[in-house]
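Structure record follows, encoded as structure tokens.
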Number of protein chains: 2
Amino acid sequence: MASSTRPPGRPRSSVDAEVFAATLRTIHELGYTRATVDRIAAATGIAKTTIYRRWPSKGALVTACLVDTFGPMPLTGRSRDEDVATAIRYGARLIAEPGVAAAFAGVFTDAIGDPGLREILVTQLQDPYRQVLMESLGLPEQRVLFVIDIVIGTLLHRMGITGKPMVESDVEALITMLQRELG
Amino acid sequence: MASSTRPPGRPRSSVDAEVFAATLRTIHELGYTRATVDRIAAATGIAKTTIYRRWPSKGALVTACLVDTFGPMPLTGRSRDEDVATAIRYGARLIAEPGVAAAFAGVFTDAIGDPGLREILVTQLQDPYRQVLMESLGLPEQRVLFVIDIVIGTLLHRMGITGKPMVESDVEALITMLQRELG
DNA sequence: GCGGTTTCGCTACGAATAGTATCGATACCG
DNA sequence: CGGTATCGATACTATTCGTAGCGAAACCGC
């Protein structure tokens, strides 16, 4: 199998995790615009050219960073109400992490007028959650996309306006509202 | 009254409306990042320096543009359900207008790490709606802010992910859900 | 018409940033 | 040791935000 043989030449150094961490940290400290690729590279301890060898643009780097942060969602599948609550708390916890919301806003801004980046955003970030939620909640696609808009949109808007995560009582209100809506 | 006397010197040319129109048009065509102040000025037919004499930064210009677009909300006050529906349809219609959602995303991105801009955003854009909704719907502040997050966040997320406005049936579903939530 | 005051258009400029090109050095394989 | 692909470093172009300076223009009161 050709895919299992190591390609010739010097192997890539495994610094992706460090780059992602430095990216979120820098965005958290300076905001998306001033989180330059130069600074992220310096914070990681590698050269800027190394970053551009792996990700074609700053937007693609940050998107990959978000995909890495949002891993698989741990749904129990015991009941629809429980999965709705789990999914919303999962999203609220991750969006509250330093830099994540700012990264989202920046990628959204970049994705306008960059169809390739929007494609990556939809395919790599939204589609996996759409699929698992359609199966787990037993709802049609349009319904699940509607729910994703509400949950992610609401949490991001709160972060964008106030700069702080949504308080727990409001997250619980969001859960109750959507449980009723989907019941 | 000193405020009613015209100040000495050459009066400002009244081009604010044209600048706002050119701003949204340019953002719609090129996206927030590539909608440079140079291009907006050229599209208006004035000098870039004239824009910077009126708004201190690109973010402040776009925020003023959004404040101008989102005028007073025409609530009837006949019933809470009716006002909820009117407010949501009002927001959906404006966010669907060309360039508005991209302008929002760009301002959010800029506002992170620019507390002054965030202050303008909250004071000039959110507060008027918060006040009128608190009075019209008869709900406490936290509740109204929660609703604003849901409505604006959901509509913006849909625009950011798909690039297209939310379809009418989903807007109606949003209305129904919030009417039930606030009933 | 004239002086005073303020804005306007224009040009030039400095600083910051995205992304590219190049080149010698380095790491791994057989 | 030779082959190959990556790494670090430097330099570079193009773009953009925001500012400075200057002469011309518009409006006021006299």
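Naming works like this for the structure tokens: A, B, ... for the chains as they're shown, residue 1 at the start of each chain, ligands 1 onward in shown order.
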Could you please select, counting only C-alpha atoms (C1' of nucleotides), the residues of chain C within 10 Å of chain B and state them as a PyMOL selection string?
chain C and resi 4-10
Deliver the residues from the most recent selection as a file, using C-alpha atoms (C1' of nucleotides), as a PDB file, in the first residue's frame.
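Wrote it out as selection33.pdb, contents follow:
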```pdb
ATOM      1  C1'  DG C   4     -12.033  85.454   8.727  1.00  0.00           C
ATOM      2  C1'  DT C   5     -12.970  80.720   9.332  1.00  0.00           C
ATOM      3  C1'  DT C   6     -13.682  76.078   8.177  1.00  0.00           C
ATOM      4  C1'  DT C   7     -14.067  72.345   4.904  1.00  0.00           C
ATOM      5  C1'  DC C   8     -12.598  70.296   0.582  1.00  0.00           C
ATOM      6  C1'  DG C   9      -9.631  67.815  -2.790  1.00  0.00           C
ATOM      7  C1'  DC C  10      -5.211  66.321  -3.596  1.00  0.00           C
TER       8       DC C  10
END
```
Give me the chain D side of the contact with chain A, cut-off 9 Å, one line per residue showing its nearest atom pair and distance in Å at one decimal, counting only C-alpha atoms (C1' of nucleotides), sorted by chain and residue number, as a tab-separated table.
```
residue	atom	partner	partner_atom	distance
D:DG3	C1'	A:Gly9	CA	8.0
D:DT4	C1'	A:Gly9	CA	4.2
D:DA5	C1'	A:Gly9	CA	4.1
D:DT6	C1'	A:Arg10	CA	5.3
D:DC7	C1'	A:Thr50	CA	7.2
D:DG8	C1'	A:Ala47	CA	6.0
D:DA9	C1'	A:Ala47	CA	7.9
```
Could you give me, as a ChimeraX atom specification, the residues within 9 Å of A:Ala60, counting only C-alpha atoms (C1' of nucleotides) and dropping anything in the same chain fewer than 3 positions from it?
/A:55-57,63-65,107,117,120-121
For chain B, work out the contacting residues on chain A at 8 Å, counting only C-alpha atoms, and write them as number ranges by chain.
A: 30-33, 102, 105-106, 108-113, 118, 121-122, 146, 149-158, 160-161, 163, 170, 177, 181
Separation of atom CA of A:Thr44 from atom CA of A:Gly99, in Å and rounded to one decimal
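Between atom CA of A:Thr44 and atom CA of A:Gly99 the gap works out to 16.0 Å.
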So how many Å separate atom CA of B:Val100 and atom CA of B:Leu24, to one decimal?
6.6 Å
Write out as a ChimeraX atom specification which residues come within 12 Å of A:Leu75 when counting only C-alpha atoms (C1' of nucleotides), dropping same-chain ones fewer than 2 positions away.
/A:72-73,77-90,129,132-133,135-137
Mind writing the picked residues with C-alpha atoms as a short mmCIF file (atom, residue, chain, number, x, y, z; two decimals), in the first residue's frame?
```
data_model
loop_
_atom_site.label_atom_id
_atom_site.label_comp_id
_atom_site.auth_asym_id
_atom_site.auth_seq_id
_atom_site.Cartn_x
_atom_site.Cartn_y
_atom_site.Cartn_z
CA PRO A 72 -16.54 14.99 17.82
CA MET A 73 -19.58 15.73 19.92
CA GLY A 77 -28.41 9.10 22.13
CA ARG A 78 -30.54 8.25 25.12
CA SER A 79 -33.25 10.81 24.33
CA ARG A 80 -33.71 13.80 22.08
CA ASP A 81 -33.98 16.21 25.02
CA GLU A 82 -30.77 14.92 26.51
CA ASP A 83 -28.88 15.18 23.22
CA VAL A 84 -30.18 18.70 22.63
CA ALA A 85 -28.96 19.74 26.06
CA THR A 86 -25.61 18.03 25.60
CA ALA A 87 -25.03 19.59 22.20
CA ILE A 88 -25.86 23.11 23.35
CA ARG A 89 -23.70 22.86 26.48
CA TYR A 90 -20.89 21.49 24.33
CA TYR A 129 -22.30 18.25 13.15
CA VAL A 132 -24.51 13.49 13.53
CA LEU A 133 -27.37 15.71 14.69
CA GLU A 135 -29.06 10.98 12.89
CA SER A 136 -29.09 11.48 16.63
CA LEU A 137 -32.12 13.78 16.80
#
```
